[in-house]
>>> print(open('my_file.cif').read())   # mmCIF, C-alpha atoms
data_query
loop_
_atom_site.label_atom_id
_atom_site.label_comp_id
_atom_site.auth_asym_id
_atom_site.auth_seq_id
_atom_site.Cartn_x
_atom_site.Cartn_y
_atom_site.Cartn_z
CA MET A 29 -16.48 305.85 -95.53
CA PRO A 30 -18.60 305.90 -92.38
CA LEU A 31 -18.22 302.14 -91.83
CA VAL A 32 -14.78 300.63 -91.36
CA LEU A 33 -16.00 297.03 -91.60
CA ASP A 34 -15.01 295.54 -94.95
CA PRO A 35 -17.92 295.66 -97.47
CA ALA A 36 -17.65 291.90 -98.05
CA ALA A 37 -18.12 291.34 -94.33
CA GLN A 38 -21.10 293.72 -94.33
CA ASP A 39 -22.66 291.62 -97.07
CA LEU A 40 -21.86 288.32 -95.37
CA LEU A 41 -23.36 289.33 -92.03
CA PHE A 42 -26.23 291.62 -92.97
CA ARG A 43 -26.89 292.64 -96.56
CA GLU A 44 -26.71 289.30 -98.37
CA ALA A 45 -27.42 287.01 -95.42
CA ARG A 46 -31.02 285.85 -95.26
CA THR A 47 -33.24 283.74 -93.04
CA ALA A 48 -33.22 280.36 -94.79
CA ASN A 49 -36.30 278.16 -95.14
CA THR A 50 -34.62 275.28 -97.02
CA PHE A 51 -31.17 273.75 -96.61
CA THR A 52 -28.75 271.45 -98.42
CA ASP A 53 -27.81 268.22 -96.62
CA GLU A 54 -24.22 269.33 -95.91
CA PRO A 55 -23.64 268.71 -92.19
CA VAL A 56 -22.84 271.46 -89.71
CA THR A 57 -19.86 270.23 -87.75
CA GLU A 58 -18.98 270.50 -84.09
CA GLU A 59 -15.88 272.40 -85.18
CA GLN A 60 -18.05 275.04 -86.84
CA VAL A 61 -20.29 275.44 -83.80
CA LYS A 62 -17.24 275.74 -81.55
CA ALA A 63 -15.75 278.42 -83.79
CA ILE A 64 -19.05 280.31 -83.77
CA TYR A 65 -19.27 280.14 -79.99
CA ASP A 66 -15.64 281.11 -79.48
CA LEU A 67 -16.27 284.27 -81.50
CA VAL A 68 -19.65 285.39 -80.23
CA LYS A 69 -19.05 284.62 -76.57
CA PHE A 70 -17.32 288.02 -76.46
CA GLY A 71 -20.51 289.95 -77.27
CA PRO A 72 -21.40 292.23 -74.35
CA THR A 73 -24.06 291.51 -71.72
CA ALA A 74 -24.98 293.29 -68.48
CA PHE A 75 -22.57 292.31 -65.70
CA ASN A 76 -21.12 289.85 -68.21
CA GLN A 77 -23.96 287.58 -67.16
CA THR A 78 -23.98 285.66 -70.49
CA PRO A 79 -27.23 283.75 -69.73
CA LEU A 80 -27.63 282.13 -73.16
CA ARG A 81 -27.68 278.34 -73.16
CA VAL A 82 -27.93 276.20 -76.31
CA VAL A 83 -29.20 272.68 -76.91
CA LEU A 84 -28.00 271.24 -80.22
CA VAL A 85 -30.55 268.76 -81.52
CA ARG A 86 -28.39 266.21 -83.34
CA SER A 87 -29.93 262.77 -82.80
CA ALA A 88 -32.84 261.50 -84.88
CA GLU A 89 -34.67 260.68 -81.67
CA ALA A 90 -34.40 264.25 -80.36
CA ARG A 91 -35.40 265.69 -83.75
CA GLU A 92 -38.52 263.52 -83.70
CA ARG A 93 -39.43 264.92 -80.32
CA LEU A 94 -38.90 268.52 -81.43
CA VAL A 95 -40.61 268.67 -84.84
CA PRO A 96 -44.21 268.13 -83.63
CA LEU A 97 -43.73 270.93 -81.08
CA MET A 98 -43.07 273.46 -83.84
CA SER A 99 -45.85 275.47 -85.48
CA GLU A 100 -47.13 273.72 -88.57
CA GLY A 101 -45.37 276.10 -90.96
CA ASN A 102 -42.03 275.49 -89.22
CA ARG A 103 -42.11 271.67 -89.18
CA ALA A 104 -40.79 270.76 -92.62
CA LYS A 105 -37.72 272.98 -92.37
CA THR A 106 -37.01 271.91 -88.79
CA ALA A 107 -37.23 268.28 -89.91
CA THR A 108 -34.70 268.78 -92.72
CA ALA A 109 -32.20 271.40 -91.50
CA PRO A 110 -28.71 269.92 -91.00
CA LEU A 111 -28.63 271.23 -87.44
CA VAL A 112 -31.29 272.60 -85.10
CA ALA A 113 -30.46 274.59 -81.96
CA VAL A 114 -32.79 275.43 -79.09
CA LEU A 115 -31.71 278.76 -77.56
CA ALA A 116 -32.69 279.43 -73.96
CA ALA A 117 -32.13 281.87 -71.09
CA ASP A 118 -30.66 280.49 -67.86
CA ASN A 119 -32.64 282.11 -65.05
CA GLU A 120 -30.04 280.90 -62.55
CA PHE A 121 -27.15 282.62 -64.35
CA HIS A 122 -26.28 284.45 -61.14
CA GLU A 123 -24.62 281.32 -59.76
CA GLU A 124 -21.78 281.93 -62.24
CA LEU A 125 -21.46 285.67 -61.58
CA PRO A 126 -18.65 285.59 -59.00
CA ARG A 127 -16.54 283.93 -61.69
CA LEU A 128 -17.88 285.96 -64.64
CA PHE A 129 -17.82 289.40 -63.00
CA PRO A 130 -14.82 289.32 -60.68
CA HIS A 131 -14.76 293.14 -60.36
CA PHE A 132 -17.83 292.95 -58.12
CA PRO A 133 -18.62 289.40 -57.02
CA GLN A 134 -21.30 290.71 -54.65
CA ALA A 135 -23.50 291.46 -57.67
CA LYS A 136 -24.84 287.92 -57.44
CA ASP A 137 -26.82 288.72 -54.31
CA ALA A 138 -26.92 292.52 -54.39
CA PHE A 139 -28.64 292.75 -57.77
CA PHE A 140 -29.86 289.30 -58.69
CA GLY A 141 -31.14 287.73 -55.50
CA GLU A 142 -34.75 287.61 -56.72
CA ARG A 143 -35.98 285.26 -59.40
CA PRO A 144 -38.35 287.69 -61.20
CA VAL A 145 -35.47 290.16 -61.58
CA ARG A 146 -33.27 287.37 -62.92
CA GLU A 147 -35.91 286.21 -65.40
CA GLN A 148 -36.29 289.71 -66.78
CA THR A 149 -32.57 290.42 -67.17
CA ALA A 150 -31.78 286.89 -68.39
CA GLY A 151 -34.45 287.26 -71.08
CA LEU A 152 -33.02 290.54 -72.34
CA ASN A 153 -29.37 289.51 -72.21
CA ALA A 154 -29.90 286.04 -73.67
CA ALA A 155 -31.76 287.73 -76.54
CA LEU A 156 -28.71 289.92 -77.18
CA GLN A 157 -26.61 286.78 -77.22
CA ALA A 158 -29.08 285.04 -79.55
CA ALA A 159 -28.52 287.87 -82.01
CA TYR A 160 -24.74 287.55 -81.66
CA PHE A 161 -25.18 283.81 -82.29
CA ILE A 162 -27.14 284.46 -85.50
CA VAL A 163 -24.39 286.85 -86.63
CA GLY A 164 -21.85 284.14 -85.76
CA VAL A 165 -23.67 281.52 -87.83
CA ARG A 166 -23.41 283.90 -90.76
CA ALA A 167 -19.73 284.51 -89.99
CA ALA A 168 -19.27 280.76 -90.55
CA GLY A 169 -20.74 281.13 -94.04
CA LEU A 170 -23.95 279.41 -92.97
CA ALA A 171 -27.55 280.54 -92.93
CA ALA A 172 -29.66 280.72 -89.79
CA GLY A 173 -33.40 280.21 -89.68
CA PRO A 174 -34.55 281.57 -86.31
CA MET A 175 -38.12 280.69 -85.33
CA THR A 176 -40.37 281.71 -82.46
CA GLY A 177 -43.35 279.67 -83.65
CA TYR A 178 -43.43 276.62 -81.37
CA ASP A 179 -45.07 275.34 -78.19
CA ALA A 180 -42.79 277.01 -75.65
CA ASP A 181 -44.05 275.08 -72.62
CA ALA A 182 -43.60 271.77 -74.40
CA VAL A 183 -40.12 272.67 -75.68
CA GLN A 184 -39.12 273.69 -72.17
CA ARG A 185 -40.46 270.40 -70.77
CA GLU A 186 -38.84 268.21 -73.43
CA PHE A 187 -35.46 269.89 -73.84
CA LEU A 188 -34.88 272.18 -70.86
CA ASP A 189 -35.96 272.48 -67.23
CA ASP A 190 -37.74 274.92 -64.93
CA ASP A 191 -34.69 277.17 -64.75
CA HIS A 192 -34.33 277.61 -68.51
CA THR A 193 -36.78 279.61 -70.63
CA PRO A 194 -36.77 278.91 -74.38
CA LEU A 195 -36.12 281.98 -76.54
CA MET A 196 -36.14 280.60 -80.07
CA VAL A 197 -35.30 277.58 -82.21
CA VAL A 198 -32.71 278.13 -84.94
CA ASN A 199 -32.22 276.00 -88.04
CA ILE A 200 -28.62 276.10 -89.30
CA GLY A 201 -27.08 275.00 -92.59
CA ARG A 202 -26.29 275.98 -96.14
CA PRO A 203 -29.28 277.44 -98.00
CA GLY A 204 -31.02 275.02 -100.37
CA ASP A 205 -33.29 275.58 -103.36
CA ASP A 206 -35.75 278.46 -103.07
CA ALA A 207 -34.38 279.15 -99.61
CA TRP A 208 -36.14 282.47 -99.10
CA PHE A 209 -38.89 284.89 -100.01
CA PRO A 210 -37.93 288.16 -101.67
CA ARG A 211 -36.45 290.51 -99.06
CA SER A 212 -39.20 292.35 -97.18
CA PRO A 213 -39.00 296.14 -96.88
CA ARG A 214 -37.34 297.79 -93.91
CA LEU A 215 -38.35 300.93 -92.05
CA GLU A 216 -36.62 304.14 -93.06
CA TYR A 217 -34.12 305.83 -90.78
CA ASP A 218 -36.60 308.59 -89.97
CA ASP A 219 -39.26 306.05 -88.98
CA VAL A 220 -36.95 304.50 -86.39
CA ILE A 221 -34.55 307.17 -85.18
CA THR A 222 -35.44 310.52 -83.65
CA THR A 223 -33.08 313.14 -82.26
CA VAL A 224 -33.65 315.27 -79.17
CA MET B 2 -11.05 277.48 -91.42
CA PRO B 3 -14.44 277.06 -89.77
CA LEU B 4 -15.23 280.80 -89.99
CA VAL B 5 -15.28 282.53 -93.36
CA LEU B 6 -15.50 286.04 -91.88
CA ASP B 7 -12.16 287.81 -92.25
CA PRO B 8 -10.12 287.64 -89.00
CA ALA B 9 -9.77 291.44 -88.93
CA ALA B 10 -13.57 291.71 -89.00
CA GLN B 11 -13.82 289.11 -86.22
CA ASP B 12 -11.50 291.27 -84.13
CA LEU B 13 -13.33 294.50 -84.96
CA LEU B 14 -16.77 293.17 -84.07
CA PHE B 15 -16.08 290.72 -81.23
CA ARG B 16 -12.56 289.90 -80.11
CA GLU B 17 -11.01 293.35 -79.78
CA ALA B 18 -14.21 295.38 -79.39
CA ARG B 19 -14.99 296.25 -75.80
CA THR B 20 -17.67 298.02 -73.80
CA ALA B 21 -16.19 301.50 -73.32
CA ASN B 22 -16.46 303.47 -70.09
CA THR B 23 -14.59 306.58 -71.27
CA PHE B 24 -14.58 308.35 -74.63
CA THR B 25 -12.62 310.94 -76.59
CA ASP B 26 -14.50 314.12 -77.57
CA GLU B 27 -14.58 313.24 -81.28
CA PRO B 28 -18.20 313.65 -82.39
CA VAL B 29 -20.34 310.82 -83.74
CA THR B 30 -21.92 312.16 -86.91
CA GLU B 31 -25.40 311.71 -88.33
CA GLU B 32 -23.71 310.13 -91.36
CA GLN B 33 -22.19 307.44 -89.13
CA VAL B 34 -25.50 306.67 -87.42
CA LYS B 35 -27.24 306.47 -90.80
CA ALA B 36 -24.61 304.05 -92.10
CA ILE B 37 -24.97 301.91 -88.97
CA TYR B 38 -28.76 301.81 -89.32
CA ASP B 39 -28.64 301.10 -93.05
CA LEU B 40 -26.49 298.06 -92.33
CA VAL B 41 -28.15 296.59 -89.25
CA LYS B 42 -31.74 297.16 -90.36
CA PHE B 43 -31.33 293.90 -92.30
CA GLY B 44 -30.85 291.78 -89.17
CA PRO B 45 -33.69 289.26 -88.89
CA THR B 46 -36.73 289.61 -86.62
CA ALA B 47 -39.91 287.54 -86.32
CA PHE B 48 -42.38 288.53 -89.07
CA ASN B 49 -39.88 291.27 -89.96
CA GLN B 50 -41.51 293.23 -87.15
CA THR B 51 -38.37 295.35 -86.50
CA PRO B 52 -39.74 296.96 -83.31
CA LEU B 53 -36.53 298.77 -82.27
CA ARG B 54 -36.83 302.53 -81.97
CA VAL B 55 -33.93 304.83 -81.11
CA VAL B 56 -33.80 308.28 -79.52
CA LEU B 57 -30.47 310.03 -80.10
CA VAL B 58 -29.76 312.40 -77.23
CA ARG B 59 -27.84 315.23 -78.90
CA SER B 60 -28.86 318.48 -77.24
CA ALA B 61 -27.34 319.66 -73.97
CA GLU B 62 -30.86 320.13 -72.60
CA ALA B 63 -31.82 316.50 -73.31
CA ARG B 64 -28.52 315.22 -71.91
CA GLU B 65 -29.18 317.14 -68.71
CA ARG B 66 -32.54 315.45 -68.38
CA LEU B 67 -31.08 311.97 -68.98
CA VAL B 68 -27.98 311.93 -66.79
CA PRO B 69 -29.75 312.10 -63.40
CA LEU B 70 -31.98 309.18 -64.44
CA MET B 71 -28.97 306.91 -64.84
CA SER B 72 -27.62 304.79 -61.99
CA GLU B 73 -24.90 306.62 -60.13
CA GLY B 74 -22.09 304.56 -61.66
CA ASN B 75 -23.37 305.31 -65.19
CA ARG B 76 -23.70 309.10 -64.84
CA ALA B 77 -20.18 310.34 -65.57
CA LYS B 78 -19.81 308.33 -68.77
CA THR B 79 -23.31 309.23 -69.94
CA ALA B 80 -22.51 312.90 -69.33
CA THR B 81 -19.32 312.78 -71.41
CA ALA B 82 -19.95 310.28 -74.24
CA PRO B 83 -20.03 311.99 -77.67
CA LEU B 84 -23.45 310.46 -78.37
CA VAL B 85 -26.05 308.74 -76.20
CA ALA B 86 -28.86 306.62 -77.63
CA VAL B 87 -31.98 305.43 -75.83
CA LEU B 88 -33.06 302.10 -77.35
CA ALA B 89 -36.72 301.11 -76.98
CA ALA B 90 -39.27 298.54 -78.13
CA ASP B 91 -42.34 299.82 -80.00
CA ASN B 92 -45.28 297.87 -78.58
CA GLU B 93 -47.47 299.11 -81.44
CA PHE B 94 -45.13 297.73 -84.12
CA HIS B 95 -48.03 295.76 -85.59
CA GLU B 96 -49.38 298.91 -87.24
CA GLU B 97 -46.46 298.69 -89.70
CA LEU B 98 -46.78 294.95 -90.35
CA PRO B 99 -48.92 295.07 -93.51
CA ARG B 100 -46.07 297.06 -95.09
CA LEU B 101 -43.22 295.13 -93.44
CA PHE B 102 -44.54 291.60 -93.97
CA PRO B 103 -46.41 291.75 -97.29
CA HIS B 104 -46.43 287.93 -97.63
CA PHE B 105 -49.10 287.76 -94.94
CA PRO B 106 -50.58 291.16 -94.09
CA GLN B 107 -53.23 289.49 -91.91
CA ALA B 108 -50.49 288.77 -89.33
CA LYS B 109 -51.19 292.18 -87.82
CA ASP B 110 -54.51 291.03 -86.39
CA ALA B 111 -54.16 287.24 -86.54
CA PHE B 112 -51.07 287.10 -84.33
CA PHE B 113 -50.60 290.51 -82.77
CA GLY B 114 -54.06 291.76 -81.89
CA GLU B 115 -53.40 291.69 -78.15
CA ARG B 116 -51.11 294.11 -76.37
CA PRO B 117 -49.50 291.62 -73.90
CA VAL B 118 -48.52 289.42 -76.85
CA ARG B 119 -47.08 292.44 -78.63
CA GLU B 120 -45.12 293.56 -75.58
CA GLN B 121 -43.54 290.14 -75.22
CA THR B 122 -42.55 289.75 -78.86
CA ALA B 123 -41.49 293.40 -79.23
CA GLY B 124 -39.22 293.01 -76.20
CA LEU B 125 -37.51 289.93 -77.63
CA ASN B 126 -37.16 291.23 -81.18
CA ALA B 127 -36.08 294.73 -80.21
CA ALA B 128 -33.40 293.11 -78.04
CA LEU B 129 -32.15 291.19 -81.09
CA GLN B 130 -32.03 294.49 -82.97
CA ALA B 131 -30.25 296.18 -80.05
CA ALA B 132 -27.51 293.56 -80.41
CA TYR B 133 -27.32 294.14 -84.17
CA PHE B 134 -27.05 297.88 -83.39
CA ILE B 135 -24.13 297.28 -81.01
CA VAL B 136 -22.42 295.20 -83.70
CA GLY B 137 -23.12 298.04 -86.16
CA VAL B 138 -21.54 300.64 -83.88
CA ARG B 139 -18.43 298.48 -83.84
CA ALA B 140 -18.60 298.11 -87.63
CA ALA B 141 -18.27 301.90 -87.75
CA GLY B 142 -15.02 301.65 -85.79
CA LEU B 143 -16.68 303.05 -82.68
CA ALA B 144 -17.16 301.63 -79.20
CA ALA B 145 -20.57 301.08 -77.62
CA GLY B 146 -21.26 301.30 -73.91
CA PRO B 147 -24.65 299.64 -73.39
CA MET B 148 -26.22 300.17 -69.96
CA THR B 149 -29.32 298.81 -68.25
CA GLY B 150 -28.72 300.68 -65.00
CA TYR B 151 -31.22 303.57 -65.07
CA ASP B 152 -34.70 304.50 -63.85
CA ALA B 153 -36.74 302.86 -66.60
CA ASP B 154 -40.06 304.47 -65.69
CA ALA B 155 -38.49 307.92 -65.64
CA VAL B 156 -36.65 307.38 -68.94
CA GLN B 157 -39.88 306.21 -70.53
CA ARG B 158 -41.71 309.30 -69.20
CA GLU B 159 -39.01 311.78 -70.24
CA PHE B 160 -37.97 310.39 -73.62
CA LEU B 161 -40.64 307.94 -74.82
CA ASP B 162 -44.36 307.34 -74.31
CA ASP B 163 -46.71 304.63 -73.09
CA ASP B 164 -46.27 302.60 -76.27
CA HIS B 165 -42.47 302.45 -76.09
CA THR B 166 -40.59 300.40 -73.48
CA PRO B 167 -36.94 301.35 -72.86
CA LEU B 168 -34.47 298.48 -73.38
CA MET B 169 -31.12 300.08 -72.71
CA VAL B 170 -29.11 303.28 -73.01
CA VAL B 171 -25.99 303.12 -75.18
CA ASN B 172 -23.02 305.48 -75.06
CA ILE B 173 -21.23 305.74 -78.41
CA GLY B 174 -17.85 307.16 -79.35
CA ARG B 175 -14.15 306.49 -79.64
CA PRO B 176 -12.67 304.91 -76.52
CA GLY B 177 -10.76 307.33 -74.29
CA ASP B 178 -8.11 306.79 -71.61
CA ASP B 179 -8.55 303.72 -69.44
CA ALA B 180 -11.71 302.93 -71.35
CA TRP B 181 -12.23 299.47 -69.93
CA PHE B 182 -11.55 296.91 -67.23
CA PRO B 183 -9.51 293.84 -68.13
CA ARG B 184 -11.68 291.43 -70.15
CA SER B 185 -13.80 289.28 -67.85
CA PRO B 186 -13.79 285.51 -68.33
CA ARG B 187 -16.35 283.80 -70.53
CA LEU B 188 -18.09 280.48 -70.03
CA GLU B 189 -16.59 277.48 -71.78
CA TYR B 190 -18.34 275.84 -74.71
CA ASP B 191 -19.29 272.85 -72.58
CA ASP B 192 -20.87 275.11 -69.93
CA VAL B 193 -23.19 276.65 -72.50
CA ILE B 194 -23.82 274.12 -75.23
CA THR B 195 -25.21 270.61 -74.81
CA THR B 196 -26.02 268.10 -77.52
CA VAL B 197 -28.97 265.72 -77.57
#
>>> encode(input="my_file.cif", output="C-alpha cells")
Amino acid sequence: MPLVLDPAAQDLLFREARTANTFTDEPVTEEQVKAIYDLVKFGPTAFNQTPLRVVLVRSAEARERLVPLMSEGNRAKTATAPLVAVLAADNEFHEELPRLFPHFPQAKDAFFGERPVREQTAGLNAALQAAYFIVGVRAAGLAAGPMTGYDADAVQREFLDDDHTPLMVVNIGRPGDDAWFPRSPRLEYDDVITTV
Amino acid sequence: MPLVLDPAAQDLLFREARTANTFTDEPVTEEQVKAIYDLVKFGPTAFNQTPLRVVLVRSAEARERLVPLMSEGNRAKTATAPLVAVLAADNEFHEELPRLFPHFPQAKDAFFGERPVREQTAGLNAALQAAYFIVGVRAAGLAAGPMTGYDADAVQREFLDDDHTPLMVVNIGRPGDDAWFPRSPRLEYDDVITTV
C-alpha cells in the first residue's frame, strides 16, 4: 500500500470531495471554522510566514456588498451559500516574523525588507495556505466552492485594505441538490511528471 | 466533533507532519509518487486548469546540476534527500483546457488568450496544487521539505523551459536524525480571521 492515509480519509479529502455549486441551508458554525483553522494552521510555509488572512462574510449587509462584485456566474451560489470567506494575502506579514520564526528573527529585514519581494512570497505562501484551508473544509465534512471570478480591486476596497491582496472567495457548506457537474478529466501522470 | 476527519489522519497530514531537514536513505519509489499523484490530482483548481508540472530529480548527474543552484543553507539536504522534485507552473496550460474543462471548451481563448493572464492564474493554481502535493507526500507516510531558496532563473534554465516557471523545490523521504527544529508558533485564530 503506497499510501498510509486511510482510504476513507483519501475519499473525504480528495476522491469524493467536489467543488460545490449549491448548498443546503445548514449553517457553518464558528466552532467548525475554528476547528478547521486549528488544524490547517500547521501547514508549512516559507519562514513560517503564514500570510493567509480570512474575512468571513456573515452579515446580510456584508453579503449584499459582496455578491454584485462576483462574476455573474458566481452570484447565485455566493448569495445562498451558508458561509462565504474572502481569502487574502497579507503583504505586511513580515511584521509578525520575529514571533513566527524565532530561529532567525533577522529574516524580517534581511529577506523581506522590500514590498515587491513580500508581495511575491505572500502570494505564493498564502496560496499554499488557501489549499490547506480547502482541505480543512473537507476535513470538517463540508464542501468548499473556491472562486477566482470576481472584481478583485472592488473586493479589496470593500473588504480588505491596501496591504491585503485578495486570492479567492470560497463558499462553504453542505452540498445541496445538483451540487456539481460530472467530474472533469485529470491529466495523466506522464503528462505532469517527468524524471531526469 | 467539528472535524469528521479521523484524528490519526489529522496528525499524519498536519499536526505531527513536519518539514524535514534530514532524511534516511530509504528510497522513494515510483509507485509511491504515482499513488501521491493519483490522489492529489483531484484537488480543485480554477477551470480545472491543473497547471502544476513536476520534474523528479533522480539521476546523480541531475542532482549535481541542481545542488549548486540551491541557497547555501538548502544544499546539504538537497544533496542527501532520497528524492528531489522541482515543482513548476505551466504557463501554456490553456492548450489542455478543451480536454480538461469540457463544459466550456471556449475558455481556452475566451479567458486565457493572453500570456500575462495565464502566468498569473497558473502561478496561483499551481501553488494550490503544490500544497495538495505536500499533503499527498504526507499521506504516503513521508516527509516533505519544500524550499523556495534557490536561483530561480538558473533552475528554470537547467530543468525547465521558457513556458514553465519554478515554484519550489521539494525534498522527499523519511525523516532522519534531528530532522527538524522545534515547531514554530502559529498565529491565533483572531489574528487571521475576522468576521463582517
>>> resolve_selection(input="my_file.cif", expression="the PyMOL selection byres ((chain A and resi 81) around 8)", output="PyMOL selection string")
(chain A and resi 79-80+82-83+115-118) or (chain B and resi 193-194)
>>> write_last_selection(input="my_file.cif", atoms="C-alpha atoms", output="PDB file, keeping the file's coordinate frame")
ATOM      1  CA  PRO A  79     -27.230 283.750 -69.730  1.00  0.00           C
ATOM      2  CA  LEU A  80     -27.630 282.130 -73.160  1.00  0.00           C
ATOM      3  CA  VAL A  82     -27.930 276.200 -76.310  1.00  0.00           C
ATOM      4  CA  VAL A  83     -29.200 272.680 -76.910  1.00  0.00           C
ATOM      5  CA  LEU A 115     -31.710 278.760 -77.560  1.00  0.00           C
ATOM      6  CA  ALA A 116     -32.690 279.430 -73.960  1.00  0.00           C
ATOM      7  CA  ALA A 117     -32.130 281.870 -71.090  1.00  0.00           C
ATOM      8  CA  ASP A 118     -30.660 280.490 -67.860  1.00  0.00           C
TER       9      ASP A 118
ATOM     10  CA  VAL B 193     -23.190 276.650 -72.500  1.00  0.00           C
ATOM     11  CA  ILE B 194     -23.820 274.120 -75.230  1.00  0.00           C
TER      12      ILE B 194
END
>>> resolve_selection(input="my_file.cif", expression="the PyMOL selection byres ((chain A and resi 45) around 12)", output="CSV table (one decimal) with C-alpha atoms, in the coordinates of the input")
chain,number,residue,atom,x,y,z
A,36,ALA,CA,-17.6,291.9,-98.0
A,37,ALA,CA,-18.1,291.3,-94.3
A,38,GLN,CA,-21.1,293.7,-94.3
A,39,ASP,CA,-22.7,291.6,-97.1
A,40,LEU,CA,-21.9,288.3,-95.4
A,41,LEU,CA,-23.4,289.3,-92.0
A,42,PHE,CA,-26.2,291.6,-93.0
A,43,ARG,CA,-26.9,292.6,-96.6
A,44,GLU,CA,-26.7,289.3,-98.4
A,46,ARG,CA,-31.0,285.8,-95.3
A,47,THR,CA,-33.2,283.7,-93.0
A,48,ALA,CA,-33.2,280.4,-94.8
A,162,ILE,CA,-27.1,284.5,-85.5
A,163,VAL,CA,-24.4,286.8,-86.6
A,164,GLY,CA,-21.8,284.1,-85.8
A,165,VAL,CA,-23.7,281.5,-87.8
A,166,ARG,CA,-23.4,283.9,-90.8
A,167,ALA,CA,-19.7,284.5,-90.0
A,168,ALA,CA,-19.3,280.8,-90.6
A,169,GLY,CA,-20.7,281.1,-94.0
A,170,LEU,CA,-24.0,279.4,-93.0
A,171,ALA,CA,-27.6,280.5,-92.9
A,172,ALA,CA,-29.7,280.7,-89.8
A,173,GLY,CA,-33.4,280.2,-89.7
A,202,ARG,CA,-26.3,276.0,-96.1
A,203,PRO,CA,-29.3,277.4,-98.0
A,207,ALA,CA,-34.4,279.2,-99.6
A,208,TRP,CA,-36.1,282.5,-99.1
A,211,ARG,CA,-36.4,290.5,-99.1
B,40,LEU,CA,-26.5,298.1,-92.3
B,41,VAL,CA,-28.2,296.6,-89.2
B,43,PHE,CA,-31.3,293.9,-92.3
B,44,GLY,CA,-30.8,291.8,-89.2
B,45,PRO,CA,-33.7,289.3,-88.9
>>> resolve_selection(input="my_file.cif", expression="the PyMOL selection byres ((chain B and resi 125-127) around 9)", output="PDB file with C-alpha atoms, keeping the file's coordinate frame")
ATOM      1  CA  GLY A 151     -34.450 287.260 -71.080  1.00  0.00           C
ATOM      2  CA  LEU A 152     -33.020 290.540 -72.340  1.00  0.00           C
ATOM      3  CA  ALA A 155     -31.760 287.730 -76.540  1.00  0.00           C
ATOM      4  CA  LEU A 156     -28.710 289.920 -77.180  1.00  0.00           C
ATOM      5  CA  LEU A 195     -36.120 281.980 -76.540  1.00  0.00           C
TER       6      LEU A 195
ATOM      7  CA  PRO B  45     -33.690 289.260 -88.890  1.00  0.00           C
ATOM      8  CA  THR B  46     -36.730 289.610 -86.620  1.00  0.00           C
ATOM      9  CA  ALA B  47     -39.910 287.540 -86.320  1.00  0.00           C
ATOM     10  CA  GLN B  50     -41.510 293.230 -87.150  1.00  0.00           C
ATOM     11  CA  THR B  51     -38.370 295.350 -86.500  1.00  0.00           C
ATOM     12  CA  PRO B  52     -39.740 296.960 -83.310  1.00  0.00           C
ATOM     13  CA  LEU B  53     -36.530 298.770 -82.270  1.00  0.00           C
ATOM     14  CA  ARG B  54     -36.830 302.530 -81.970  1.00  0.00           C
ATOM     15  CA  LEU B  88     -33.060 302.100 -77.350  1.00  0.00           C
ATOM     16  CA  ALA B  89     -36.720 301.110 -76.980  1.00  0.00           C
ATOM     17  CA  ALA B  90     -39.270 298.540 -78.130  1.00  0.00           C
ATOM     18  CA  ASP B  91     -42.340 299.820 -80.000  1.00  0.00           C
ATOM     19  CA  GLU B 120     -45.120 293.560 -75.580  1.00  0.00           C
ATOM     20  CA  GLN B 121     -43.540 290.140 -75.220  1.00  0.00           C
ATOM     21  CA  THR B 122     -42.550 289.750 -78.860  1.00  0.00           C
ATOM     22  CA  ALA B 123     -41.490 293.400 -79.230  1.00  0.00           C
ATOM     23  CA  GLY B 124     -39.220 293.010 -76.200  1.00  0.00           C
ATOM     24  CA  ALA B 128     -33.400 293.110 -78.040  1.00  0.00           C
ATOM     25  CA  LEU B 129     -32.150 291.190 -81.090  1.00  0.00           C
ATOM     26  CA  GLN B 130     -32.030 294.490 -82.970  1.00  0.00           C
ATOM     27  CA  ALA B 131     -30.250 296.180 -80.050  1.00  0.00           C
ATOM     28  CA  ALA B 132     -27.510 293.560 -80.410  1.00  0.00           C
ATOM     29  CA  LEU B 168     -34.470 298.480 -73.380  1.00  0.00           C
TER      30      LEU B 168
END
>>> residues_around(input="my_file.cif", residues="Leu128 (chain A)", least_positions_apart="4", cutoff="9 Å", atoms="all atoms listed in the file", output="MDAnalysis selection string")
(chainID A and resid 75:78 124 133) or (chainID B and resid 185:188)
>>> atom_distance(input="my_file.cif", atom1="CA of Phe160 (chain B)", atom2="CA of Leu67 (chain B)")
8.5 Å
>>> atom_distance(input="my_file.cif", atom1="CA of Glu59 (chain A)", atom2="CA of Val198 (chain A)")
17.8 Å
>>> atom_distance(input="my_file.cif", atom1="CA of Arg76 (chain B)", atom2="CA of Asp26 (chain B)")
16.5 Å
>>> closest_residue(input="my_file.cif", among="B:Arg158, B:Glu27, B:Thr166, B:Pro69", to="Phe94 (chain B)", atoms="only C-alpha atoms")
B:Thr166
>>> closest_residue(input="my_file.cif", among="B:His95, B:Arg116, B:Lys109, B:Arg64", to="Ala77 (chain B)", atoms="only C-alpha atoms")
B:Arg64
>>> closest_residue(input="my_file.cif", among="B:Val197, B:Val29, B:Val85, B:Val170", to="chain A", atoms="only C-alpha atoms")
B:Val197
>>> residues_near_point(input="my_file.cif", point="(-34.0, 308.0, -91.6)", cutoff="10 Å", atoms="all atoms listed in the file", output="PyMOL selection string")
(chain A and resi 215-222) or (chain B and resi 31+34-35+38-39)
>>> residues_around(input="my_file.cif", residues="Ala63 (chain B)", least_positions_apart="5", cutoff="12 Å", atoms="only C-alpha atoms", output="mmCIF file with C-alpha atoms, in the coordinates of the input")
data_model
loop_
_atom_site.group_PDB
_atom_site.id
_atom_site.type_symbol
_atom_site.label_atom_id
_atom_site.label_comp_id
_atom_site.auth_asym_id
_atom_site.auth_seq_id
_atom_site.Cartn_x
_atom_site.Cartn_y
_atom_site.Cartn_z
ATOM 1 C CA THR A 223 -33.080 313.140 -82.260
ATOM 2 C CA VAL A 224 -33.650 315.270 -79.170
ATOM 3 C CA VAL B 56 -33.800 308.280 -79.520
ATOM 4 C CA LEU B 57 -30.470 310.030 -80.100
ATOM 5 C CA VAL B 58 -29.760 312.400 -77.230
ATOM 6 C CA VAL B 68 -27.980 311.930 -66.790
ATOM 7 C CA PRO B 69 -29.750 312.100 -63.400
ATOM 8 C CA LEU B 70 -31.980 309.180 -64.440
ATOM 9 C CA THR B 79 -23.310 309.230 -69.940
ATOM 10 C CA ALA B 80 -22.510 312.900 -69.330
ATOM 11 C CA LEU B 84 -23.450 310.460 -78.370
ATOM 12 C CA VAL B 85 -26.050 308.740 -76.200
ATOM 13 C CA ALA B 86 -28.860 306.620 -77.630
ATOM 14 C CA VAL B 87 -31.980 305.430 -75.830
ATOM 15 C CA VAL B 156 -36.650 307.380 -68.940
ATOM 16 C CA GLU B 159 -39.010 311.780 -70.240
ATOM 17 C CA PHE B 160 -37.970 310.390 -73.620
#
